[in-house]
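Q: File follows, target-v2.txt with compact mmCIF, C-alpha atoms:
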# COMPACT_ATOMS: atom_id res chain seq x y z
CA THR H 154 35.46 21.54 26.35
CA LEU H 155 38.58 21.98 24.25
CA HIS H 156 41.85 22.77 25.95
CA ILE H 157 45.30 23.61 24.65
CA LEU H 158 47.71 21.30 26.42
CA MET H 159 51.39 22.13 25.93
CA ALA H 160 54.23 19.71 26.46
CA TYR H 161 56.51 21.75 28.70
CA THR H 162 59.28 20.46 30.90
CA GLN H 163 57.00 21.75 33.65
CA SER H 164 53.54 20.29 34.25
CA PRO H 165 50.77 22.12 32.35
CA SER H 166 47.41 22.71 33.96
CA VAL H 167 44.13 21.57 32.48
CA GLY H 168 40.78 23.12 33.28
CA SER H 169 37.52 21.47 34.13
CA TYR H 170 35.20 20.08 31.49
CA THR H 171 31.64 18.94 30.95
CA ALA H 172 30.64 16.01 28.82
CA SER H 173 27.46 15.05 27.04
CA TYR H 174 27.00 11.37 26.24
CA THR H 175 24.17 9.74 24.36
CA THR H 176 23.14 6.20 25.08
CA PHE H 177 24.63 3.30 23.16
CA ASN H 178 21.50 1.98 21.45
CA GLU H 179 20.71 -1.19 19.56
CA PHE H 180 20.50 -0.29 15.89
CA SER H 181 17.06 -0.42 14.26
CA GLY H 182 18.01 0.85 10.81
CA SER H 183 16.91 4.47 11.09
CA GLN H 184 19.44 6.14 13.40
CA LEU H 185 22.25 6.80 10.91
CA SER H 186 22.58 10.53 10.36
CA PRO H 187 23.79 11.71 6.93
CA ASP H 188 24.97 14.93 8.59
CA LEU H 189 27.56 13.30 10.87
CA PRO H 190 30.74 11.41 9.93
CA ALA H 191 30.36 7.71 10.69
CA ILE H 192 32.94 5.33 12.13
CA PHE H 193 32.24 1.62 11.71
CA LEU H 194 33.85 -0.83 14.15
CA MET H 195 34.27 -4.29 12.62
CA GLY H 196 36.37 -7.39 13.20
CA ALA H 197 36.44 -11.15 13.16
CA ARG H 198 35.84 -12.93 16.47
CA PRO H 199 36.36 -11.09 19.78
CA SER H 200 39.14 -8.66 18.91
CA GLY H 201 38.57 -5.96 21.52
CA LYS H 202 36.68 -3.47 19.35
CA THR H 203 33.90 -2.85 21.87
CA SER H 204 36.47 -2.53 24.65
CA ILE H 205 38.21 0.17 22.62
CA GLU H 206 34.97 2.12 22.24
CA ARG H 207 34.16 1.89 25.94
CA VAL H 208 37.65 2.82 27.16
CA VAL H 209 38.09 5.80 24.84
CA PHE H 210 34.57 7.22 24.66
CA HIS H 211 32.94 5.96 27.84
CA LYS H 212 35.94 6.27 30.19
CA MET H 213 35.69 2.63 31.27
CA GLU H 214 38.80 1.36 33.01
CA PRO H 215 40.65 -1.15 30.81
CA HIS H 216 40.55 -3.93 33.40
CA GLN H 217 36.76 -3.57 33.67
CA THR H 218 36.33 -4.68 30.06
CA LEU H 219 37.47 -8.17 31.06
CA TYR H 220 34.32 -8.87 33.07
CA SER H 221 31.85 -6.05 32.29
CA LEU H 222 31.40 -6.56 28.56
CA GLN H 223 29.66 -9.37 26.74
CA ALA H 224 30.15 -10.34 23.12
CA THR H 225 28.39 -7.95 20.73
CA THR H 226 25.45 -9.76 19.17
CA GLU H 227 23.63 -6.83 17.53
CA ILE H 228 24.66 -3.65 15.74
CA TYR H 229 24.93 -0.81 18.24
CA HIS H 230 24.78 2.88 17.36
CA ARG H 231 26.07 5.81 19.33
CA ILE H 232 26.51 9.53 18.70
CA ILE H 233 29.61 11.20 20.10
CA ALA H 234 29.03 14.94 20.58
CA HIS H 235 31.59 16.44 22.96
CA ASN H 236 32.06 19.79 21.18
CA GLU H 237 31.96 21.37 17.73
CA LEU H 238 34.97 19.36 16.51
CA ILE H 239 34.29 16.01 18.18
CA ARG H 240 30.98 15.18 16.54
CA PHE H 241 30.48 11.82 14.83
CA GLN H 242 28.59 8.54 15.10
CA ILE H 243 29.89 5.05 15.82
CA LEU H 244 28.41 1.74 14.70
CA ASP H 245 29.73 -1.31 16.54
CA PHE H 246 29.08 -4.50 14.54
CA PRO H 247 29.03 -8.06 15.89
CA SER H 248 32.15 -10.11 15.22
CA SER H 249 32.34 -11.37 11.62
CA PHE H 250 29.06 -9.62 10.81
CA ASP H 251 27.66 -10.84 7.49
CA PHE H 252 25.15 -8.67 5.64
CA ASN H 253 23.91 -11.74 3.80
CA ASP H 254 22.65 -13.16 7.09
CA SER H 255 20.96 -9.95 8.24
CA GLU H 256 17.97 -7.81 7.37
CA PHE H 257 20.24 -4.93 6.39
CA LYS H 258 21.62 -4.06 2.96
CA PRO H 259 25.31 -3.03 2.75
CA GLN H 260 24.57 -0.05 0.50
CA ASP H 261 22.31 1.43 3.18
CA PHE H 262 25.31 1.47 5.53
CA PHE H 263 28.49 2.01 3.58
CA LYS H 264 27.17 5.05 1.72
CA TYR H 265 27.35 6.86 5.07
CA CYS H 266 30.68 5.37 6.24
CA SER H 267 33.59 7.79 6.71
CA ALA H 268 36.07 5.46 8.41
CA LEU H 269 35.96 1.67 8.57
CA LEU H 270 37.97 0.42 11.56
CA PHE H 271 39.05 -3.21 11.45
CA VAL H 272 40.30 -4.50 14.78
CA ILE H 273 42.62 -7.52 14.68
CA ASP H 274 43.62 -9.47 17.78
CA ALA H 275 47.43 -9.53 17.53
CA GLN H 276 47.46 -12.68 19.68
CA ASP H 277 45.13 -14.63 17.37
CA ARG H 278 47.62 -16.00 14.88
CA PRO H 279 47.77 -16.74 11.99
CA TYR H 280 45.03 -14.12 11.36
CA THR H 281 43.40 -16.12 8.55
CA GLU H 282 39.82 -15.43 9.63
CA ALA H 283 40.54 -11.76 10.38
CA LEU H 284 42.26 -11.13 7.06
CA ASN H 285 39.55 -12.92 5.08
CA TYR H 286 36.92 -10.79 6.77
CA ILE H 287 38.81 -7.53 6.21
CA LEU H 288 39.28 -8.21 2.51
CA LYS H 289 35.63 -9.21 2.13
CA MET H 290 34.41 -5.98 3.74
CA ILE H 291 36.83 -3.79 1.78
CA GLU H 292 35.73 -5.34 -1.50
CA MET H 293 32.06 -4.94 -0.61
CA SER H 294 32.29 -1.38 0.71
CA TYR H 295 34.63 0.06 -1.93
CA VAL H 296 32.09 -0.60 -4.68
CA ILE H 297 29.53 1.46 -2.72
CA ASN H 298 31.73 4.27 -1.38
CA LYS H 299 35.22 4.94 -2.71
CA ASN H 300 35.89 7.65 -0.10
CA ILE H 301 35.96 5.32 2.90
CA LYS H 302 39.15 5.45 4.95
CA TYR H 303 40.22 1.95 6.01
CA GLU H 304 41.93 1.85 9.40
CA VAL H 305 43.48 -1.41 10.61
CA LEU H 306 44.03 -1.57 14.37
CA ILE H 307 46.37 -4.40 15.36
CA ASN H 308 45.14 -4.66 18.93
CA LYS H 309 46.25 -6.31 22.19
CA ILE H 310 49.97 -5.70 21.61
CA ASP H 311 50.42 -5.53 25.39
CA ALA H 312 50.99 -9.32 25.49
CA GLU H 313 54.40 -10.71 26.43
CA ALA H 314 54.87 -11.97 22.86
CA PHE H 315 55.11 -8.35 21.72
CA PHE H 316 57.39 -7.09 24.45
CA THR H 317 59.94 -5.53 22.09
CA SER H 318 59.45 -2.88 19.43
CA GLU H 319 60.90 -5.28 16.87
CA SER H 320 58.24 -7.91 17.56
CA LYS H 321 55.45 -5.33 17.31
CA LEU H 322 56.72 -3.95 14.02
CA GLY H 323 57.26 -7.48 12.76
CA ILE H 324 53.63 -8.44 13.25
CA ARG H 325 52.53 -5.22 11.58
CA ARG H 326 54.69 -6.04 8.55
CA VAL H 327 53.17 -9.53 8.33
CA ILE H 328 49.59 -8.21 8.39
CA GLU H 329 50.26 -5.23 6.13
CA SER H 330 52.06 -7.39 3.58
CA ALA H 331 49.23 -9.95 3.51
CA ILE H 332 46.55 -7.28 3.01
CA THR H 333 48.59 -5.46 0.35
CA GLU H 334 49.18 -8.65 -1.62
CA ARG H 335 45.54 -9.67 -1.60
CA LEU H 336 44.27 -6.18 -2.43
CA ASP H 337 46.72 -6.14 -5.33
CA ASN H 338 45.32 -9.46 -6.55
CA MET H 339 41.85 -7.91 -6.39
CA ASN H 340 43.06 -4.84 -8.36
CA LEU H 341 42.12 -2.59 -5.44
CA PHE H 342 45.42 -1.73 -3.80
CA HIS H 343 46.53 1.14 -6.04
CA ALA H 344 43.07 2.70 -6.12
CA ILE H 345 42.88 2.74 -2.32
CA HIS H 346 46.55 3.46 -1.65
CA GLN H 347 46.86 6.45 -3.99
CA ASN H 348 44.25 8.29 -1.93
CA HIS H 349 46.03 7.39 1.34
CA ASN H 350 42.90 5.60 2.48
CA LEU H 351 44.56 2.60 4.16
CA SER H 352 46.42 2.93 7.46
CA TYR H 353 47.75 0.62 10.19
CA TYR H 354 48.12 1.11 13.96
CA LEU H 355 49.55 -0.92 16.83
CA THR H 356 47.21 -0.52 19.79
CA SER H 357 46.45 -1.53 23.35
CA ILE H 358 43.75 -0.24 25.70
CA TYR H 359 46.28 -0.41 28.53
CA ASP H 360 48.48 2.45 27.29
CA HIS H 361 48.46 5.60 25.17
CA THR H 362 48.58 3.79 21.82
CA ILE H 363 44.82 3.46 21.44
CA PHE H 364 44.32 7.18 22.15
CA GLU H 365 46.99 8.15 19.66
CA ALA H 366 45.48 5.88 16.98
CA LEU H 367 41.96 7.21 17.51
CA SER H 368 43.33 10.76 17.50
CA GLU H 369 44.81 10.29 14.05
CA ILE H 370 41.61 8.67 12.79
CA VAL H 371 39.29 11.35 14.18
CA GLN H 372 41.52 14.08 12.73
CA LYS H 373 40.80 12.65 9.28
CA LEU H 374 37.10 13.32 9.87
CA LEU H 375 37.72 17.06 10.25
CA PRO H 376 37.24 19.30 7.21
CA VAL H 377 40.64 19.79 5.54
CA PRO H 378 40.60 23.62 5.93
CA VAL H 379 39.81 23.31 9.66
CA PHE H 380 42.56 20.74 10.27
CA GLY H 381 45.07 22.83 8.32
CA PHE H 382 44.16 25.99 10.20
CA LEU H 383 44.55 24.33 13.61
CA LYS H 384 47.91 22.83 12.67
CA ASN H 385 49.22 26.13 11.32
CA ILE H 386 48.12 28.17 14.31
CA LEU H 387 49.69 25.69 16.76
CA THR H 388 52.93 25.64 14.75
CA SER H 389 53.04 29.43 14.86
CA PHE H 390 52.25 29.36 18.58
CA VAL H 391 55.11 27.01 19.53
CA THR H 392 57.57 28.86 17.30
CA LYS H 393 56.85 32.29 18.74
CA CYS H 394 56.65 31.08 22.34
CA ASP H 395 59.63 28.68 22.12
CA ILE H 396 57.57 25.68 23.27
CA GLU H 397 58.43 22.08 22.44
CA LYS H 398 54.97 20.86 21.48
CA ALA H 399 51.33 21.96 21.57
CA PHE H 400 48.09 20.02 21.30
CA ILE H 401 44.38 20.68 21.29
CA PHE H 402 42.84 17.86 23.32
CA ASP H 403 39.30 16.75 23.85
CA VAL H 404 39.66 16.04 27.56
CA VAL H 405 36.60 13.79 27.69
CA SER H 406 38.09 11.16 25.38
CA LYS H 407 41.80 12.15 25.62
CA ILE H 408 41.88 12.40 21.83
CA TYR H 409 44.03 15.19 20.48
CA ILE H 410 42.34 17.02 17.63
CA ALA H 411 45.40 18.85 16.37
CA THR H 412 49.07 19.39 17.03
CA ASP H 413 51.85 21.50 15.53
CA ALA H 414 54.15 20.41 12.70
CA ASN H 415 57.10 19.49 14.94
CA LEU H 416 58.13 15.87 15.41
CA LEU H 417 55.77 13.94 17.68
CA GLU H 418 57.29 11.58 20.23
CA ALA H 419 55.25 8.78 21.75
CA ASP H 420 56.25 9.69 25.29
CA THR H 421 54.75 13.15 24.82
CA ILE H 422 51.27 11.73 24.18
CA SER H 423 51.60 9.49 27.22
CA LEU H 424 52.61 12.46 29.39
CA CYS H 425 49.70 14.58 28.16
CA SER H 426 47.22 11.75 28.76
CA ASP H 427 48.48 11.38 32.31
CA MET H 428 48.13 15.12 32.93
CA ILE H 429 44.52 15.12 31.71
CA ASP H 430 43.72 12.44 34.30
CA LEU H 431 44.99 14.58 37.16
Starting from the file, lay out its structure as structure tokens.
A:
Amino acid sequence: TLHILMAYTQSPSVGSYTASYTTFNEFSGSQLSPDLPAIFLMGARPSGKTSIERVVFHKMEPHQTLYSLQATTEIYHRIIAHNELIRFQILDFPSSFDFNDSEFKPQDFFKYCSALLFVIDAQDRPYTEALNYILKMIEMSYVINKNIKYEVLINKIDAEAFFTSESKLGIRRVIESAITERLDNMNLFHAIHQNHNLSYYLTSIYDHTIFEALSEIVQKLLPVPVFGFLKNILTSFVTKCDIEKAFIFDVVSKIYIATDANLLEADTISLCSDMIDL
């Protein structure tokens, strides 16, 4: 169910697709597969992490998350298997989950972790609890697995307080600066930063930003030769055919797995997402 979706001035067509979902099960300690990349969803207090998972991977309408979802009280595990490229597992942790208060040992989890997604509620200033939790989990996990990619999603930027681009970038700078300073004090920043294993995203489930962020994160789970091949072939394709932009989308989740090397504009992703919904 992979489709090449090209950003023409005319509307591209997208074929039909089939999807295969597994259930979202309460975690019992034995479901983690060492053969699949693992994405961990973590955050302090209700930050919207479960809403993100349901909107992107379960096609729930954003407004439904306001009344259909309850606070996550247990670890939930789910396998995403849409096609040969979109194959990974997600663990959704309760807010401010503390291994010391659970039956689970952190080493039994983090040794399998490929990407650790921290979701911060952009409206929950001054972010003290969220930042403390992020730094605690980074310090704990890095000792166990130095290959983890840390992805910070600054979520709920659809609020009126973040109406302008300047205000959104301003809040990102505040959070990024605070994390950088504290990682530096812990002698972890350079070790993590030199491997490009710490990234930040401004997201909302009400627009394309969450799909773009998850696209970039999922792309990092692909084998480097595969990702490079897809990028090169799309770049060659748009050059020879005189096309503005080309993507390979997973139409189930609206995540793009690859794109060409040309400059990516935010409006292009939004347009492609809208076309997939038609």
Q: Just give me the gap between CA of Arg278 (chain H) and CA of Asp254 (chain H) in Å, one decimal is fine.
A: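 One can read the CA of Arg278 (chain H) to CA of Asp254 (chain H) distance as 26.3 Å.
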Q: When you count all atoms listed in the file, which of these residues is closest to Tyr286 (chain H): H:Lys384, H:Lys393, H:Lys321, H:Arg198?
A: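 Under the stated criterion, the closest residue is H:Arg198.
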Q: Please identify all polymer residues within 6 Å of region 234-248 of chain H, counting only C-alpha atoms, omitting same-chain residues fewer than 4 positions from it, and present them as a PyMOL selection string.
A: chain H and resi 172-173+189-198+225-230
Q: Which distance in Å separates CA of Asn285 (chain H) and CA of Leu367 (chain H), to one decimal?
A: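 Atom-to-atom, CA of Asn285 (chain H) to CA of Leu367 (chain H), that is 23.8 Å.
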Q: Which one of H:Ala399, H:Ile287, H:Ile358, H:Val208 sits closest to Lys309 (chain H) if you count only C-alpha atoms?
A: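 Result for the nearest residue to Lys309 (chain H): H:Ile358.
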Q: Could you check how far CA of Asn350 (chain H) sits from CA of Val296 (chain H), in Å to one decimal?
A: 14.4 Å
Q: Would you list the contacts of region 409-412 of chain H as a ChimeraX atom specification, taking every protein, DNA or RNA residue within 10 Å and counting all atoms listed in the file, but skipping same-chain residues closer than 6 positions in sequence?
A: /H:155-159,238-239,364-365,367-373,375,379-388,398-403,422,425-426
Q: Tell me, counting only C-alpha atoms, for each residue of region 253-291 of chain H within 9 Å of region 323-337 of chain H, which pair of atoms is nearest and how far apart they are in Å to one decimal, in rows ordered by chain and increasing number, as JSON lines.
A:
{"residue": "H:Ala275", "atom": "CA", "partner": "H:Ile324", "partner_atom": "CA", "distance": 7.6}
{"residue": "H:Tyr280", "atom": "CA", "partner": "H:Ile328", "partner_atom": "CA", "distance": 8.0}
{"residue": "H:Leu284", "atom": "CA", "partner": "H:Ile332", "partner_atom": "CA", "distance": 7.0}
{"residue": "H:Ile287", "atom": "CA", "partner": "H:Ile332", "partner_atom": "CA", "distance": 8.4}
{"residue": "H:Leu288", "atom": "CA", "partner": "H:Leu336", "partner_atom": "CA", "distance": 7.3}
{"residue": "H:Ile291", "atom": "CA", "partner": "H:Leu336", "partner_atom": "CA", "distance": 8.9}
Q: Check the smallest atom-to-atom distance from each of H:Tyr359, H:Tyr354, H:Tyr265, H:Phe257 to Glu214 (chain H) using only C-alpha atoms, then report the winner.
A: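 Of H:Tyr359, H:Tyr354, H:Tyr265, H:Phe257, the one nearest Glu214 (chain H) is H:Tyr359, counting only C-alpha atoms.
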Q: Restricting the calculation to all atoms listed in the file, which member of H:Phe271, H:Thr362, H:Pro215, H:Ile408 is positioned closest to Glu304 (chain H)?
A: H:Phe271
Q: Go through H:Asp420, H:Ser294, H:Asp413, H:Val209 and flag the residue nearest Phe252 (chain H), using all atoms listed in the file for the distances.
A: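 Of H:Asp420, H:Ser294, H:Asp413, H:Val209, the one nearest Phe252 (chain H), counting all atoms listed in the file, is H:Ser294.
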Q: With only C-alpha atoms as the atoms that count, which of H:Ile310, H:Ile429, H:Leu417, H:Met339 lies nearest to Glu292 (chain H)?
A: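 Answer, going by the shortest atom-to-atom distance: H:Met339.
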Q: Would you list the residues near (53.6, -11.4, 23.8), meaning any protein, DNA or RNA residue with an atom at most 12 Å from that point in file coordinates, counting all atoms listed in the file, as a list in words?
A: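 Those residues lying close to the given coordinates are Asp274, Ala275, Gln276, Asp277, Arg278, Asn308, Lys309, Ile310, Asp311, Ala312, Glu313, Ala314, Phe315, Phe316, Thr317, Ser318, Glu319, Ser320, Lys321 and Ile324 of chain H.
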Q: Could you please take those selected residues and save C-alpha atoms as a PDB file, in the coordinates of the input?
A:
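Generated file (part-v9.pdb):
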ATOM      1  CA  ASP H 274      43.620  -9.470  17.780  1.00  0.00           C
ATOM      2  CA  ALA H 275      47.430  -9.530  17.530  1.00  0.00           C
ATOM      3  CA  GLN H 276      47.460 -12.680  19.680  1.00  0.00           C
ATOM      4  CA  ASP H 277      45.130 -14.630  17.370  1.00  0.00           C
ATOM      5  CA  ARG H 278      47.620 -16.000  14.880  1.00  0.00           C
ATOM      6  CA  ASN H 308      45.140  -4.660  18.930  1.00  0.00           C
ATOM      7  CA  LYS H 309      46.250  -6.310  22.190  1.00  0.00           C
ATOM      8  CA  ILE H 310      49.970  -5.700  21.610  1.00  0.00           C
ATOM      9  CA  ASP H 311      50.420  -5.530  25.390  1.00  0.00           C
ATOM     10  CA  ALA H 312      50.990  -9.320  25.490  1.00  0.00           C
ATOM     11  CA  GLU H 313      54.400 -10.710  26.430  1.00  0.00           C
ATOM     12  CA  ALA H 314      54.870 -11.970  22.860  1.00  0.00           C
ATOM     13  CA  PHE H 315      55.110  -8.350  21.720  1.00  0.00           C
ATOM     14  CA  PHE H 316      57.390  -7.090  24.450  1.00  0.00           C
ATOM     15  CA  THR H 317      59.940  -5.530  22.090  1.00  0.00           C
ATOM     16  CA  SER H 318      59.450  -2.880  19.430  1.00  0.00           C
ATOM     17  CA  GLU H 319      60.900  -5.280  16.870  1.00  0.00           C
ATOM     18  CA  SER H 320      58.240  -7.910  17.560  1.00  0.00           C
ATOM     19  CA  LYS H 321      55.450  -5.330  17.310  1.00  0.00           C
ATOM     20  CA  ILE H 324      53.630  -8.440  13.250  1.00  0.00           C
TER      21      ILE H 324
END
